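**Student:** What follows is work31.txt; its format and atoms are compact mmCIF, C-alpha atoms.
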```txt
# COMPACT_ATOMS: atom_id res chain seq x y z
CA MET H 252 125.74 84.94 113.47
CA ALA H 253 125.82 82.54 116.42
CA ASP H 254 127.56 84.97 118.78
CA THR H 255 125.71 88.11 117.76
CA GLU H 256 122.21 89.42 118.25
CA PRO H 257 119.92 88.53 115.35
CA ARG H 258 119.65 91.30 112.77
CA LEU H 259 115.89 90.81 112.51
CA GLY H 260 113.25 91.59 115.10
CA ALA H 261 109.63 90.48 114.92
CA ALA H 262 106.26 90.83 116.57
CA ILE H 263 103.78 88.09 115.74
CA VAL H 264 100.11 89.08 115.75
CA PRO H 265 97.61 86.19 115.42
CA VAL H 266 94.71 87.56 113.38
CA THR H 267 91.24 86.38 112.31
CA PRO H 268 89.49 83.30 113.74
CA PHE H 269 92.07 81.28 111.77
CA GLN H 270 94.84 82.63 114.05
CA GLN H 271 96.99 83.54 111.08
CA ASN H 272 100.51 84.70 111.97
CA CYS H 273 100.68 88.28 110.79
CA ALA H 274 104.23 89.50 111.40
CA VAL H 275 105.73 92.91 111.99
CA LEU H 276 109.27 92.17 110.80
CA PHE H 277 112.06 94.73 111.01
CA ALA H 278 115.83 95.22 110.94
CA ARG H 279 117.10 95.97 114.41
CA ASP H 280 119.75 98.42 113.27
CA THR H 281 117.50 100.57 111.10
CA MET H 282 114.16 99.89 112.83
CA ARG H 283 112.61 99.79 109.37
CA GLY H 284 110.48 96.88 108.27
CA VAL H 285 107.34 95.39 106.78
CA VAL H 286 104.04 93.88 107.78
CA VAL H 287 103.68 90.33 106.48
CA ASP H 288 100.23 88.96 105.63
CA PRO H 289 97.79 91.33 107.39
CA GLY H 290 94.74 89.10 107.21
CA GLY H 291 92.54 91.17 109.50
CA ASP H 292 92.27 92.72 112.98
CA VAL H 293 94.09 95.80 111.70
CA PRO H 294 93.88 97.73 115.03
CA ASN H 295 95.86 94.92 116.69
CA ILE H 296 98.48 95.09 113.94
CA LEU H 297 98.79 98.86 114.33
CA GLU H 298 99.25 98.45 118.07
CA ALA H 299 102.01 95.89 117.49
CA ILE H 300 103.75 98.32 115.14
CA ARG H 301 103.53 101.02 117.78
CA GLN H 302 104.98 98.75 120.45
CA THR H 303 107.94 97.74 118.28
CA GLY H 304 108.71 101.32 117.31
CA ALA H 305 109.41 100.16 113.76
CA THR H 306 108.83 102.30 110.69
CA ILE H 307 106.83 100.24 108.20
CA GLU H 308 107.88 100.63 104.58
CA ALA H 309 105.75 97.99 102.85
CA ILE H 310 103.14 95.27 103.20
CA LEU H 311 104.56 91.92 102.09
CA LEU H 312 102.31 89.03 101.06
CA THR H 313 103.18 85.32 100.88
CA HIS H 314 99.99 84.32 99.05
CA GLY H 315 96.46 85.42 98.31
CA HIS H 316 94.19 83.49 100.68
CA VAL H 317 91.64 85.55 102.52
CA ASP H 318 93.08 85.02 106.02
CA HIS H 319 96.37 86.52 104.78
CA VAL H 320 95.09 89.48 102.77
CA ALA H 321 91.66 90.61 104.03
CA GLY H 322 93.16 93.45 106.07
CA VAL H 323 95.54 94.70 103.39
CA GLU H 324 93.52 97.60 102.05
CA ASP H 325 92.59 98.97 105.47
CA LEU H 326 96.22 98.79 106.55
CA ARG H 327 97.44 100.34 103.29
CA ASP H 328 94.98 103.23 103.79
CA THR H 329 96.49 103.92 107.21
CA LEU H 330 100.19 103.37 106.54
CA LYS H 331 100.34 104.71 102.98
CA VAL H 332 102.87 102.06 101.92
CA PRO H 333 103.11 99.78 98.86
CA VAL H 334 101.84 96.21 98.78
CA ILE H 335 104.42 93.73 97.47
CA GLY H 336 103.73 90.15 96.36
CA PRO H 337 102.61 87.48 96.03
CA HIS H 338 103.09 85.88 92.59
CA SER H 339 100.50 86.98 90.03
CA ALA H 340 99.13 83.42 89.83
CA ASP H 341 97.20 84.26 93.01
CA ALA H 342 95.49 87.30 91.47
CA PHE H 343 92.22 85.35 91.13
CA LEU H 344 92.08 84.91 94.92
CA MET H 345 92.47 88.64 95.57
CA ASP H 346 90.20 90.15 92.91
CA GLU H 347 86.54 91.19 93.13
CA THR H 348 85.65 87.75 94.58
CA LEU H 349 87.54 88.47 97.82
CA PRO H 350 84.62 90.23 99.60
CA ALA H 351 82.37 87.22 99.00
CA THR H 352 85.10 84.86 100.20
CA ALA H 353 85.47 86.82 103.43
CA GLN H 354 81.73 86.75 103.96
CA ALA H 355 81.60 83.00 103.30
CA TYR H 356 84.18 82.40 106.02
CA GLY H 357 82.45 84.70 108.49
CA LEU H 358 85.19 87.32 108.35
CA PRO H 359 84.66 91.10 108.45
CA PRO H 360 84.12 92.85 105.10
CA ALA H 361 87.18 92.81 102.86
CA ARG H 362 88.12 94.72 99.73
CA PRO H 363 89.85 93.34 96.63
CA VAL H 364 93.63 93.66 96.76
CA LYS H 365 95.81 94.83 93.88
CA PRO H 366 99.50 94.74 94.78
CA ASP H 367 101.81 97.50 93.68
CA ARG H 368 104.34 94.87 92.67
CA TRP H 369 103.92 91.20 91.85
CA LEU H 370 106.95 88.99 92.52
CA ASP H 371 108.50 85.96 90.87
CA GLU H 372 111.30 83.46 91.37
CA GLY H 373 114.67 85.21 91.41
CA ASP H 374 113.41 88.58 92.63
CA THR H 375 114.65 90.11 95.86
CA VAL H 376 112.92 92.24 98.47
CA GLU H 377 114.41 94.28 101.29
CA ILE H 378 113.26 94.38 104.87
CA GLY H 379 114.89 97.35 106.52
CA GLY H 380 117.89 96.97 104.23
CA ILE H 381 118.18 93.18 104.65
CA ALA H 382 117.82 91.36 101.34
CA PHE H 383 115.48 88.39 101.02
CA ASP H 384 115.50 86.07 98.02
CA VAL H 385 112.10 85.27 96.50
CA LEU H 386 111.19 81.67 95.71
CA HIS H 387 108.02 80.68 93.87
CA THR H 388 106.67 77.83 96.01
CA PRO H 389 103.29 76.72 94.61
CA GLY H 390 101.10 73.86 95.80
CA HIS H 391 99.11 75.41 98.63
CA SER H 392 98.13 78.14 96.19
CA PRO H 393 99.43 78.74 92.66
CA GLY H 394 101.14 82.00 93.60
CA SER H 395 102.61 81.17 97.00
CA LEU H 396 106.02 82.68 97.67
CA THR H 397 108.77 82.00 100.19
CA TYR H 398 111.15 84.75 101.29
CA VAL H 399 114.56 83.65 102.58
CA SER H 400 117.59 85.46 104.00
CA LYS H 401 120.40 82.95 103.74
CA PRO H 402 122.86 85.00 105.83
CA ASP H 403 120.28 85.21 108.62
CA ARG H 404 119.20 81.55 108.19
CA PHE H 405 115.57 82.63 108.24
CA ALA H 406 112.59 82.20 105.92
CA LEU H 407 108.97 83.27 105.63
CA VAL H 408 107.03 80.36 104.13
CA GLY H 409 103.38 81.37 104.43
CA ASP H 410 101.22 78.25 104.42
CA VAL H 411 103.59 76.06 102.38
CA LEU H 412 105.04 74.25 105.40
CA PHE H 413 104.13 74.10 109.10
CA ALA H 414 105.63 72.60 112.22
CA GLY H 415 104.49 68.99 111.83
CA SER H 416 102.24 69.61 108.85
CA ILE H 417 101.93 71.14 105.38
CA GLY H 418 99.55 73.56 103.73
CA ARG H 419 96.12 72.30 102.72
CA THR H 420 95.64 71.63 99.02
CA ASP H 421 91.86 71.28 98.76
CA LEU H 422 91.31 74.98 98.06
CA PRO H 423 91.09 76.41 94.50
CA GLY H 424 94.45 76.06 92.78
CA GLY H 425 95.87 73.69 95.37
CA ASP H 426 97.95 70.70 94.27
CA HIS H 427 99.22 68.19 96.82
CA GLU H 428 101.84 66.57 94.61
CA GLN H 429 103.16 69.96 93.55
CA LEU H 430 103.34 71.10 97.18
CA ILE H 431 105.46 68.11 98.22
CA VAL H 432 107.80 68.66 95.27
CA THR H 433 108.06 72.34 96.18
CA ILE H 434 109.02 71.57 99.78
CA GLU H 435 111.49 68.84 98.90
CA THR H 436 113.22 70.63 96.02
CA LYS H 437 113.09 74.29 97.03
CA LEU H 438 112.84 74.56 100.82
CA LEU H 439 114.63 71.62 102.43
CA PRO H 440 117.80 72.01 100.31
CA LEU H 441 118.27 75.52 101.73
CA GLY H 442 119.68 73.98 104.91
CA ASP H 443 118.62 72.14 108.05
CA ASP H 444 119.45 75.11 110.25
CA ILE H 445 117.14 77.61 108.55
CA ALA H 446 114.35 78.65 110.89
CA PHE H 447 111.02 79.53 109.34
CA LEU H 448 107.96 81.49 110.31
CA CYS H 449 104.81 79.94 108.90
CA GLY H 450 101.29 81.24 108.45
CA HIS H 451 99.82 79.35 111.41
CA GLY H 452 101.30 77.81 114.54
CA PRO H 453 104.84 77.79 115.95
CA MET H 454 108.12 78.29 114.15
CA SER H 455 110.33 75.37 113.18
CA THR H 456 113.43 74.57 111.11
CA PHE H 457 113.73 72.83 107.78
CA GLY H 458 115.91 70.17 109.37
CA ARG H 459 113.36 69.38 112.06
CA GLU H 460 110.61 69.02 109.49
CA ALA H 461 112.75 66.89 107.19
CA GLN H 462 113.28 64.46 110.07
CA SER H 463 109.90 64.40 111.77
CA ASN H 464 107.14 65.86 109.59
CA PRO H 465 104.81 62.93 108.78
CA PHE H 466 103.86 64.45 105.41
CA LEU H 467 107.50 64.38 104.29
CA ALA H 468 108.31 60.79 105.28
```
Would it be possible to restate this file's structure as structure tokens?

**Tutor:**
Amino acid sequence: MADTEPRLGAAIVPVTPFQQNCAVLFARDTMRGVVVDPGGDVPNILEAIRQTGATIEAILLTHGHVDHVAGVEDLRDTLKVPVIGPHSADAFLMDETLPATAQAYGLPPARPVKPDRWLDEGDTVEIGGIAFDVLHTPGHSPGSLTYVSKPDRFALVGDVLFAGSIGRTDLPGGDHEQLIVTIETKLLPLGDDIAFLCGHGPMSTFGREAQSNPFLA
């Protein structure tokens, strides 16, 4: 892939006061894709879709925290596409308690989210015809998922791992020890050269984090 244009294109839309990285991710050859983690500010997401020219076929979720899912139902109403993921262990974060959670964090009103398809370890999803393997990567939340395209050396990790940091584990269902095990046994072995898009902040690679992330020393 080094001498060719990447197969994947992306527009990153920071949403909510938490500046969560909502992504419009698409295959360049088909111009078909998904919206990843629409946590809010749906008009901005729709404008990003328009600017890319991509046809959105699904909404893909990495986990169930409010800053990643609060805009799902409004976006689903507009796009008329299925919602896929996360793992069903995060259902309790997305049920009838979600409106109160949004209110508690000072976010606009949100509706409970019921995905059309829950995912688990070993499943695959397609983004514009490009297959992504599904890994169950708990610790930040019980149902966190990572999506990885090994041929493209690219992963979507949600809030499991960040550039220079890791996901917080003080929220309901969080488990610090489990998160470290998840990163060290499921993500880092995928390869130093795999670039990842995380839920907040800049992109990085697994190799860079293995060498310099203070939480993984």

**Student:** Please, which residues are within 10 Å of (99.5, 87.6, 111.3) by the file's coordinates, counting all atoms listed in the file, and could they come as a count of residues only?

**Tutor:** 29

**Student:** From the set H:Asp341, H:Asp346, H:Asp280, H:Glu298, which residue has the shortest atom-to-atom contact distance to Leu326 (chain H), counting all atoms listed in the file?

**Tutor:** H:Glu298

**Student:** Which is closest to Phe413 (chain H) among H:Phe457, H:Phe383, H:Tyr356, H:Phe343, if we use only C-alpha atoms?

**Tutor:**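 Selected residue with least distance to Phe413 (chain H): H:Phe457.
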
**Student:** Name the residues in contact with Gly304 (chain H) at a cut-off of 12 Å, using all atoms listed in the file, excluding same-chain residues fewer than 6 positions from it; report them as a ChimeraX atom specification.

**Tutor:** /H:260-262,275-279,281-284,297-298

**Student:** For a quick check of understanding, using all atoms listed in the file, which of H:Gly418, H:Pro389, H:Gly425, H:Pro366 has the smallest distance to Pro333 (chain H)?

**Tutor:**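 Using all atoms listed in the file, the shortest distance to Pro333 (chain H) belongs to H:Pro366.
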
**Student:** Calculated over all atoms listed in the file, which of the candidates H:Pro465, H:Pro423, H:Pro350, H:Pro402 has the smallest distance to Ala446 (chain H)?

**Tutor:** H:Pro402

**Student:** Could you pull the residues within 9 Å of Ile431 (chain H), counting all atoms listed in the file, minus those fewer than 3 positions along the same chain, as JSON, numbers by chain?

**Tutor:** {"H": [390, 417, 426, 427, 428, 434, 435, 436, 466, 467]}

**Student:** Using Å and a single decimal, report how far CA of Gln462 (chain H) sits from CA of Asp443 (chain H).

**Tutor:**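 Going from CA of Asp443 (chain H) over to CA of Gln462 (chain H), I get 9.6 Å.
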
**Student:** So what do you get for CA of Ser400 (chain H) versus CA of Ile381 (chain H), distance-wise?

**Tutor:** 7.8 Å

**Student:** In terms of the shortest atom-to-atom distance over all atoms listed in the file, which of H:Leu312, H:Ala355, H:Ala340, H:Val317 is closest to Ser392 (chain H)?

**Tutor:**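 Going through H:Leu312, H:Ala355, H:Ala340, H:Val317 one by one, the smallest distance to Ser392 (chain H) is for H:Ala340.
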
**Student:** Counting all atoms listed in the file, which residue out of H:Pro257, H:Pro294, H:Gly442, H:Pro337 sits closest to Gly322 (chain H)?

**Tutor:**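 Of H:Pro257, H:Pro294, H:Gly442, H:Pro337, the one nearest Gly322 (chain H), counting all atoms listed in the file, is H:Pro294.
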
**Student:** Could you tell me how far CA of Glu256 (chain H) lies from CA of Thr375 (chain H), in Å and to one decimal?

**Tutor:** 23.6 Å

**Student:** What's around Leu370 (chain H) at 9 Å? Count all atoms listed in the file, leave out sequence neighbours fewer than 6 positions away in its own chain, and write the answer as a ChimeraX atom specification.

**Tutor:** /H:335-339,385,387,396

**Student:** Please, which residues are within 6 Å of (91.7, 92.2, 94.9) by the file's coordinates, counting only C-alpha atoms, and could they come as a PyMOL selection string?

**Tutor:** chain H and resi 345-347+363-365

**Student:** Box time for region 331-336 of chain H: axis-aligned, enclosing all its listed atoms, 3 Å extra on each side; report centre and edge lengths in Å to one decimal, as JSON.

**Tutor:**
```
{"center_x": 102.4, "center_y": 97.4, "center_z": 99.7, "size_x": 10.1, "size_y": 20.6, "size_z": 12.6}
```

**Student:** Select region 404-436 of chain H in the preceding structure and write N, CA and C atoms to a file as a compact mmCIF listing (two decimals), in the first residue's frame.

**Tutor:**
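Saved result, decode34.txt, follows:
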```txt
# COMPACT_ATOMS: atom_id res chain seq x y z
N ARG H 404 -3.90 -1.38 7.29
CA ARG H 404 -3.11 -0.97 8.46
C ARG H 404 -3.76 0.20 9.18
N PHE H 405 -5.05 0.03 9.45
CA PHE H 405 -5.84 1.12 10.03
C PHE H 405 -6.87 0.54 11.00
N ALA H 406 -7.08 1.25 12.13
CA ALA H 406 -8.05 0.80 13.12
C ALA H 406 -8.84 1.98 13.68
N LEU H 407 -10.06 1.69 14.07
CA LEU H 407 -10.91 2.60 14.83
C LEU H 407 -10.99 2.06 16.24
N VAL H 408 -10.51 2.82 17.22
CA VAL H 408 -10.40 2.28 18.58
C VAL H 408 -11.34 2.94 19.58
N GLY H 409 -12.13 3.90 19.15
CA GLY H 409 -12.99 4.59 20.11
C GLY H 409 -12.17 5.24 21.21
N ASP H 410 -12.56 5.01 22.46
CA ASP H 410 -11.84 5.61 23.59
C ASP H 410 -10.98 4.61 24.32
N VAL H 411 -10.62 3.50 23.68
CA VAL H 411 -9.75 2.51 24.31
C VAL H 411 -8.34 3.06 24.50
N LEU H 412 -7.81 3.67 23.45
CA LEU H 412 -6.43 4.15 23.44
C LEU H 412 -6.37 5.50 22.76
N PHE H 413 -5.53 6.39 23.30
CA PHE H 413 -5.33 7.72 22.71
C PHE H 413 -3.85 7.94 22.44
N ALA H 414 -3.55 9.00 21.72
CA ALA H 414 -2.17 9.43 21.56
C ALA H 414 -1.68 9.93 22.92
N GLY H 415 -0.82 9.16 23.57
CA GLY H 415 -0.26 9.56 24.85
C GLY H 415 -1.11 9.28 26.06
N SER H 416 -2.23 8.59 25.87
CA SER H 416 -3.11 8.34 27.01
C SER H 416 -3.95 7.10 26.73
N ILE H 417 -4.86 6.79 27.66
CA ILE H 417 -5.80 5.69 27.51
C ILE H 417 -7.18 6.17 27.94
N GLY H 418 -8.19 5.37 27.66
CA GLY H 418 -9.54 5.73 28.05
C GLY H 418 -9.71 5.78 29.56
N ARG H 419 -10.57 6.65 30.04
CA ARG H 419 -10.85 6.72 31.47
C ARG H 419 -11.62 5.47 31.89
N THR H 420 -11.44 5.09 33.14
CA THR H 420 -12.08 3.86 33.64
C THR H 420 -12.89 4.11 34.91
N ASP H 421 -13.19 5.38 35.18
CA ASP H 421 -13.96 5.71 36.38
C ASP H 421 -15.45 5.85 36.11
N LEU H 422 -15.88 5.56 34.88
CA LEU H 422 -17.29 5.60 34.53
C LEU H 422 -17.91 4.22 34.76
N PRO H 423 -19.24 4.12 34.83
CA PRO H 423 -19.88 2.83 35.08
C PRO H 423 -19.41 1.75 34.09
N GLY H 424 -18.97 0.63 34.65
CA GLY H 424 -18.50 -0.47 33.82
C GLY H 424 -17.04 -0.40 33.44
N GLY H 425 -16.36 0.67 33.83
CA GLY H 425 -14.94 0.80 33.51
C GLY H 425 -14.08 -0.08 34.40
N ASP H 426 -12.93 -0.52 33.86
CA ASP H 426 -12.04 -1.41 34.60
C ASP H 426 -10.62 -1.17 34.10
N HIS H 427 -9.81 -0.49 34.92
CA HIS H 427 -8.47 -0.10 34.49
C HIS H 427 -7.60 -1.31 34.14
N GLU H 428 -7.57 -2.29 35.01
CA GLU H 428 -6.74 -3.46 34.74
C GLU H 428 -7.16 -4.16 33.46
N GLN H 429 -8.46 -4.28 33.26
CA GLN H 429 -8.96 -4.91 32.05
C GLN H 429 -8.57 -4.11 30.81
N LEU H 430 -8.62 -2.78 30.91
CA LEU H 430 -8.27 -1.93 29.78
C LEU H 430 -6.81 -2.13 29.38
N ILE H 431 -5.91 -2.17 30.34
CA ILE H 431 -4.49 -2.37 30.03
C ILE H 431 -4.28 -3.73 29.37
N VAL H 432 -4.92 -4.76 29.90
CA VAL H 432 -4.81 -6.09 29.29
C VAL H 432 -5.35 -6.07 27.86
N THR H 433 -6.47 -5.42 27.66
CA THR H 433 -7.05 -5.30 26.32
C THR H 433 -6.06 -4.68 25.34
N ILE H 434 -5.46 -3.55 25.73
CA ILE H 434 -4.53 -2.86 24.85
C ILE H 434 -3.31 -3.73 24.56
N GLU H 435 -2.78 -4.35 25.59
CA GLU H 435 -1.52 -5.08 25.43
C GLU H 435 -1.70 -6.43 24.73
N THR H 436 -2.87 -7.02 24.83
CA THR H 436 -3.06 -8.35 24.23
C THR H 436 -3.84 -8.34 22.92
```
